[in-house]
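Input: a single structure, listed below in structure tokens.
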Amino acid sequence: MNVKKESLDDAHKYRFWRRQAESNGLKINKVEPFYTRYRHNGELLFAMLEVDADTPEGDKIPPALFLKGHAATVLVCLIDAQSREKFVVLVRQRRICDGSHTYEHPAGMVDTTDDPVEVAAREVGEEIGLEISPEDLTRLNPKLWFPSTGTSDEGMHFFFVEREMPREQIMTFHHKNMGVQSEFERITTAVMTLPEAHKLVTNVNAVLLHFLYLQAVGDYETMKRL
């Protein structure tokens with residue numbers, strides 16, 4: 001079955017990026033795609049672009065843009081109903097950044113016109129097996145934050161969710177195989193305390209998420225231990 005691939009001009013993430021750039025004063029003269037990757041349904045997933053654009057100050061903006069779109073990530077906190085001890089659930093998978101296994105919080109791309117909170121809730125179910133609704137999530141950043149402002153349009157939405165349950169149930173989320181074989185995912189879950197998790201993560205979004213969560217719930221004692 002032949003699937004029609006959407007053009008760059010029709011892609012939601014490209015149109016969003018361009019609209020925001022122009023609203024902030026960039027004069028975009030030309031955009032040249034060097035690499036594009038598509039989803040199975042023909043939707044643009046990633047693109048490497050060379051951008052010829054002028055700033056309002058009369059300068060040229062650095063030309064390389066890795067078009068990714070937006071993503072949502074969630075800190076999942078499971079609270080022992082008896083001791084009140086808190087645990088987080090991470091996902092472990094091998095990443096291209098350095099080829100190693102990394103520990104991260106559940107996360108997923110916000111494609112087309114998806115609502116970030118709905119994406120976040122879905123990813124928690126898919127990546128660690130905890131079923132939640134969008135209403136269970138608390139948003140941690142009031143607007144988009146950009147991890148790599150110089151080379152990418154990627155914008156992050158941060159959330160957290162807390163669930164109270166018996167310790168035995170909490171540990172059922174440890175060492176679960178959650179990858180999707182058809183998408184070449186090999187994902188394993190890991191349950192640990194937040195200070196333990198902080199020592200393992202190398203993803204800057206995860207590091208930031210820890211501090212955002214602890215600030216939101218007022219847990220400054222744990223923050224001191226990070």
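Labels for the structure tokens follow display order: chains A, B, ..., residues from 1 in each chain, ligands from 1.
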
### Query
What's the 10 Å shell around Val31 (chain A), counting only C-alpha atoms, without same-chain residues fewer than 5 positions away, as a PyMOL selection string?
chain A and resi 8+49-53+63+65

Could you turn the residues from that selection into a file that holds N, CA and C atoms, as a PDB file, in the first residue's frame?
```pdb
ATOM      1  N   LEU A   8       6.539  19.280   3.263  1.00  0.00           N
ATOM      2  CA  LEU A   8       7.047  20.082   4.372  1.00  0.00           C
ATOM      3  C   LEU A   8       6.088  21.231   4.678  1.00  0.00           C
ATOM      4  N   LEU A  49      16.843  20.755   8.224  1.00  0.00           N
ATOM      5  CA  LEU A  49      16.614  21.865   7.303  1.00  0.00           C
ATOM      6  C   LEU A  49      17.777  22.853   7.331  1.00  0.00           C
ATOM      7  N   GLU A  50      18.013  23.503   6.186  1.00  0.00           N
ATOM      8  CA  GLU A  50      18.889  24.667   6.134  1.00  0.00           C
ATOM      9  C   GLU A  50      18.002  25.885   5.903  1.00  0.00           C
ATOM     10  N   VAL A  51      18.101  26.835   6.797  1.00  0.00           N
ATOM     11  CA  VAL A  51      17.197  27.989   6.786  1.00  0.00           C
ATOM     12  C   VAL A  51      17.981  29.255   6.457  1.00  0.00           C
ATOM     13  N   ASP A  52      17.523  29.961   5.447  1.00  0.00           N
ATOM     14  CA  ASP A  52      18.052  31.296   5.148  1.00  0.00           C
ATOM     15  C   ASP A  52      17.044  32.292   5.697  1.00  0.00           C
ATOM     16  N   ALA A  53      17.417  32.960   6.797  1.00  0.00           N
ATOM     17  CA  ALA A  53      16.486  33.887   7.445  1.00  0.00           C
ATOM     18  C   ALA A  53      17.235  35.070   8.028  1.00  0.00           C
ATOM     19  N   PRO A  63      21.930  28.771  10.372  1.00  0.00           N
ATOM     20  CA  PRO A  63      21.032  28.136   9.405  1.00  0.00           C
ATOM     21  C   PRO A  63      20.542  26.729   9.702  1.00  0.00           C
ATOM     22  N   LEU A  65      18.607  23.689  11.295  1.00  0.00           N
ATOM     23  CA  LEU A  65      17.426  23.432  12.127  1.00  0.00           C
ATOM     24  C   LEU A  65      17.055  21.960  12.054  1.00  0.00           C
TER      25      LEU A  65
END
```

### Message
Using only C-alpha atoms, which protein or nucleic acid residues come within 9 Å of Glu154 (chain A)? Drop anything in the same chain fewer than 3 positions from it, and give the result as JSON, numbers by chain.
### Response
{"A": [66, 67, 68, 69, 70, 71, 145, 146, 147, 148, 149]}

### Nearest candidate to His175 (chain A) (options A:Arg92, A:Arg163, A:His157, A:Arg139; using only C-alpha atoms)
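Among A:Arg92, A:Arg163, A:His157, A:Arg139, it is A:Arg92 that comes nearest to His175 (chain A).
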
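Looking only at region 120-172 of chain A, the set that DSSP places in strand (DSSP E or B) from backbone geometry is Thr138, Arg139, Trp145, Ser152, Gly155, Met156, His157, Phe158, Phe159, Phe160, Val161, Glu162, Arg163, Glu164 and Met165 of chain A.
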
Would you save the residues from that selection as an mmCIF file, in the first residue's frame, using N, CA, C and O atoms?
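The file below, again_25.cif, is the result:
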```
data_model
loop_
_atom_site.group_PDB
_atom_site.id
_atom_site.type_symbol
_atom_site.label_atom_id
_atom_site.label_comp_id
_atom_site.auth_asym_id
_atom_site.auth_seq_id
_atom_site.Cartn_x
_atom_site.Cartn_y
_atom_site.Cartn_z
ATOM 1 N N THR A 138 -0.691 16.827 36.424
ATOM 2 C CA THR A 138 -0.463 18.223 36.790
ATOM 3 C C THR A 138 0.641 18.782 35.902
ATOM 4 O O THR A 138 1.735 18.204 35.806
ATOM 5 N N ARG A 139 0.346 19.888 35.250
ATOM 6 C CA ARG A 139 1.333 20.520 34.358
ATOM 7 C C ARG A 139 2.350 21.303 35.183
ATOM 8 O O ARG A 139 1.998 21.981 36.148
ATOM 9 N N TRP A 145 9.093 25.072 26.809
ATOM 10 C CA TRP A 145 10.517 25.296 27.070
ATOM 11 C C TRP A 145 11.310 24.502 26.046
ATOM 12 O O TRP A 145 10.938 23.380 25.685
ATOM 13 N N SER A 152 17.375 23.344 17.296
ATOM 14 C CA SER A 152 16.161 22.542 17.172
ATOM 15 C C SER A 152 14.930 23.314 17.645
ATOM 16 O O SER A 152 15.018 24.184 18.510
ATOM 17 N N GLY A 155 10.160 21.462 21.636
ATOM 18 C CA GLY A 155 9.627 22.123 22.815
ATOM 19 C C GLY A 155 9.063 21.087 23.769
ATOM 20 O O GLY A 155 8.465 20.095 23.341
ATOM 21 N N MET A 156 9.253 21.290 25.076
ATOM 22 C CA MET A 156 8.883 20.286 26.070
ATOM 23 C C MET A 156 7.698 20.721 26.925
ATOM 24 O O MET A 156 7.596 21.870 27.343
ATOM 25 N N HIS A 157 6.826 19.747 27.195
ATOM 26 C CA HIS A 157 5.728 19.890 28.157
ATOM 27 C C HIS A 157 6.040 18.944 29.316
ATOM 28 O O HIS A 157 6.245 17.748 29.105
ATOM 29 N N PHE A 158 6.066 19.464 30.543
ATOM 30 C CA PHE A 158 6.403 18.660 31.721
ATOM 31 C C PHE A 158 5.167 18.449 32.602
ATOM 32 O O PHE A 158 4.428 19.404 32.885
ATOM 33 N N PHE A 159 4.984 17.204 33.078
ATOM 34 C CA PHE A 159 3.845 16.851 33.915
ATOM 35 C C PHE A 159 4.301 15.930 35.042
ATOM 36 O O PHE A 159 5.378 15.337 34.976
ATOM 37 N N PHE A 160 3.434 15.793 36.065
ATOM 38 C CA PHE A 160 3.634 14.727 37.043
ATOM 39 C C PHE A 160 2.288 14.149 37.439
ATOM 40 O O PHE A 160 1.236 14.781 37.270
ATOM 41 N N VAL A 161 2.341 12.925 37.965
ATOM 42 C CA VAL A 161 1.155 12.268 38.502
ATOM 43 C C VAL A 161 1.584 11.491 39.735
ATOM 44 O O VAL A 161 2.679 10.919 39.774
ATOM 45 N N GLU A 162 0.757 11.496 40.767
ATOM 46 C CA GLU A 162 0.998 10.723 41.980
ATOM 47 C C GLU A 162 -0.101 9.698 42.149
ATOM 48 O O GLU A 162 -1.272 9.991 41.910
ATOM 49 N N ARG A 163 0.292 8.494 42.567
ATOM 50 C CA ARG A 163 -0.650 7.431 42.853
ATOM 51 C C ARG A 163 -0.258 6.742 44.149
ATOM 52 O O ARG A 163 0.909 6.395 44.328
ATOM 53 N N GLU A 164 -1.210 6.560 45.042
ATOM 54 C CA GLU A 164 -0.969 5.846 46.289
ATOM 55 C C GLU A 164 -1.397 4.404 46.132
ATOM 56 O O GLU A 164 -2.474 4.115 45.593
ATOM 57 N N MET A 165 -0.550 3.466 46.596
ATOM 58 C CA MET A 165 -0.873 2.048 46.484
ATOM 59 C C MET A 165 0.008 1.250 47.444
ATOM 60 O O MET A 165 1.012 1.770 47.948
#
```

### Task
Point out the residue among A:Asp111, A:Glu131, A:Asp136, A:Glu104 with the least atom-to-atom distance to Ile187 (chain A), counting only C-alpha atoms.
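Of A:Asp111, A:Glu131, A:Asp136, A:Glu104, the one nearest Ile187 (chain A) is A:Glu104, counting only C-alpha atoms.
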
### Message
I want to know what sits within 9 Å of Leu194 (chain A), based on only C-alpha atoms, with residues of the same chain fewer than 3 positions away left out; could you give that as a list in words?
### Response
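Non-adjacent residues within range: Cys77, Lys86, Phe87, Val88, Ala197, His198, Lys199, His210, Thr222 and Leu226 of chain A.
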
So that I have them on file, write out the residues from the current selection with N, CA, C and O atoms, as a PDB file, in the first residue's frame.
```pdb
ATOM      1  N   CYS A  77       5.017   9.280  40.195  1.00  0.00           N
ATOM      2  CA  CYS A  77       5.375   9.048  41.591  1.00  0.00           C
ATOM      3  C   CYS A  77       4.374   8.088  42.222  1.00  0.00           C
ATOM      4  O   CYS A  77       3.171   8.387  42.278  1.00  0.00           O
ATOM      5  N   LYS A  86       8.102   7.524  48.749  1.00  0.00           N
ATOM      6  CA  LYS A  86       7.813   7.808  47.347  1.00  0.00           C
ATOM      7  C   LYS A  86       8.803   7.096  46.423  1.00  0.00           C
ATOM      8  O   LYS A  86      10.004   7.034  46.711  1.00  0.00           O
ATOM      9  N   PHE A  87       8.271   6.599  45.300  1.00  0.00           N
ATOM     10  CA  PHE A  87       9.085   5.950  44.278  1.00  0.00           C
ATOM     11  C   PHE A  87       8.716   6.539  42.918  1.00  0.00           C
ATOM     12  O   PHE A  87       7.569   6.928  42.693  1.00  0.00           O
ATOM     13  N   VAL A  88       9.683   6.587  42.023  1.00  0.00           N
ATOM     14  CA  VAL A  88       9.405   6.987  40.650  1.00  0.00           C
ATOM     15  C   VAL A  88       9.632   5.792  39.734  1.00  0.00           C
ATOM     16  O   VAL A  88      10.384   4.869  40.069  1.00  0.00           O
ATOM     17  N   ALA A 197      17.063   7.786  41.341  1.00  0.00           N
ATOM     18  CA  ALA A 197      16.821   8.084  39.934  1.00  0.00           C
ATOM     19  C   ALA A 197      17.686   9.244  39.461  1.00  0.00           C
ATOM     20  O   ALA A 197      18.203   9.240  38.343  1.00  0.00           O
ATOM     21  N   HIS A 198      17.854  10.238  40.329  1.00  0.00           N
ATOM     22  CA  HIS A 198      18.620  11.432  39.957  1.00  0.00           C
ATOM     23  C   HIS A 198      20.070  11.091  39.648  1.00  0.00           C
ATOM     24  O   HIS A 198      20.707  11.756  38.826  1.00  0.00           O
ATOM     25  N   LYS A 199      20.603  10.062  40.298  1.00  0.00           N
ATOM     26  CA  LYS A 199      21.983   9.648  40.046  1.00  0.00           C
ATOM     27  C   LYS A 199      22.124   8.912  38.717  1.00  0.00           C
ATOM     28  O   LYS A 199      23.220   8.861  38.151  1.00  0.00           O
ATOM     29  N   HIS A 210      12.802  16.536  37.827  1.00  0.00           N
ATOM     30  CA  HIS A 210      12.919  16.238  39.264  1.00  0.00           C
ATOM     31  C   HIS A 210      12.750  17.497  40.099  1.00  0.00           C
ATOM     32  O   HIS A 210      11.988  17.522  41.071  1.00  0.00           O
ATOM     33  N   THR A 222      13.835  16.431  50.156  1.00  0.00           N
ATOM     34  CA  THR A 222      14.349  15.536  49.116  1.00  0.00           C
ATOM     35  C   THR A 222      15.194  16.299  48.121  1.00  0.00           C
ATOM     36  O   THR A 222      16.218  15.784  47.636  1.00  0.00           O
ATOM     37  N   LEU A 226      19.422  15.633  46.329  1.00  0.00           N
ATOM     38  CA  LEU A 226      19.738  15.378  44.912  1.00  0.00           C
ATOM     39  C   LEU A 226      21.158  15.829  44.572  1.00  0.00           C
ATOM     40  O   LEU A 226      21.688  16.739  45.170  1.00  0.00           O
TER      41      LEU A 226
END
```

### Task
Point out the residue among A:Ala11, A:Ser23, A:Gly58, A:Leu214 with the least atom-to-atom distance to Leu44 (chain A), counting only C-alpha atoms.
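Closest to Leu44 (chain A), using only C-alpha atoms: A:Ala11.
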
### Task
Using only C-alpha atoms, determine which residues lie at most 12 Å from Ser7 (chain A), disregarding the query and same-chain residues fewer than 6 positions distant; provide the list as a PyMOL selection string.
chain A and resi 13-15+33+36-38+42-45+47

May I have the selected residues written with N, CA and C atoms, as a PDB file, in the first residue's frame?
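Result file selection.pdb:
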```
ATOM      1  N   LYS A  13       4.062  20.501  12.333  1.00  0.00           N
ATOM      2  CA  LYS A  13       5.200  20.990  13.125  1.00  0.00           C
ATOM      3  C   LYS A  13       5.996  22.049  12.379  1.00  0.00           C
ATOM      4  N   TYR A  14       6.077  21.913  11.050  1.00  0.00           N
ATOM      5  CA  TYR A  14       6.776  22.941  10.272  1.00  0.00           C
ATOM      6  C   TYR A  14       5.980  24.236  10.263  1.00  0.00           C
ATOM      7  N   ARG A  15       4.676  24.134  10.029  1.00  0.00           N
ATOM      8  CA  ARG A  15       3.851  25.337   9.994  1.00  0.00           C
ATOM      9  C   ARG A  15       3.852  26.041  11.341  1.00  0.00           C
ATOM     10  N   PRO A  33      15.209  21.449   2.663  1.00  0.00           N
ATOM     11  CA  PRO A  33      15.293  20.194   3.429  1.00  0.00           C
ATOM     12  C   PRO A  33      16.427  19.307   2.926  1.00  0.00           C
ATOM     13  N   THR A  36      14.530  14.012   5.470  1.00  0.00           N
ATOM     14  CA  THR A  36      13.193  13.914   6.040  1.00  0.00           C
ATOM     15  C   THR A  36      12.903  12.460   6.387  1.00  0.00           C
ATOM     16  N   ARG A  37      12.179  12.266   7.480  1.00  0.00           N
ATOM     17  CA  ARG A  37      11.740  10.927   7.862  1.00  0.00           C
ATOM     18  C   ARG A  37      10.258  10.998   8.179  1.00  0.00           C
ATOM     19  N   TYR A  38       9.527   9.955   7.776  1.00  0.00           N
ATOM     20  CA  TYR A  38       8.073   9.967   7.888  1.00  0.00           C
ATOM     21  C   TYR A  38       7.566   8.816   8.746  1.00  0.00           C
ATOM     22  N   GLY A  42       2.550   8.455   6.629  1.00  0.00           N
ATOM     23  CA  GLY A  42       2.953   9.522   5.723  1.00  0.00           C
ATOM     24  C   GLY A  42       3.173  10.862   6.395  1.00  0.00           C
ATOM     25  N   GLU A  43       2.960  10.936   7.695  1.00  0.00           N
ATOM     26  CA  GLU A  43       3.141  12.188   8.424  1.00  0.00           C
ATOM     27  C   GLU A  43       4.620  12.444   8.665  1.00  0.00           C
ATOM     28  N   LEU A  44       5.027  13.699   8.503  1.00  0.00           N
ATOM     29  CA  LEU A  44       6.424  14.054   8.720  1.00  0.00           C
ATOM     30  C   LEU A  44       6.807  13.837  10.181  1.00  0.00           C
ATOM     31  N   LEU A  45       7.890  13.100  10.403  1.00  0.00           N
ATOM     32  CA  LEU A  45       8.359  12.840  11.756  1.00  0.00           C
ATOM     33  C   LEU A  45       9.513  13.773  12.111  1.00  0.00           C
ATOM     34  N   ALA A  47      12.890  16.330  10.304  1.00  0.00           N
ATOM     35  CA  ALA A  47      13.495  16.913   9.112  1.00  0.00           C
ATOM     36  C   ALA A  47      14.727  17.708   9.508  1.00  0.00           C
TER      37      ALA A  47
END
```
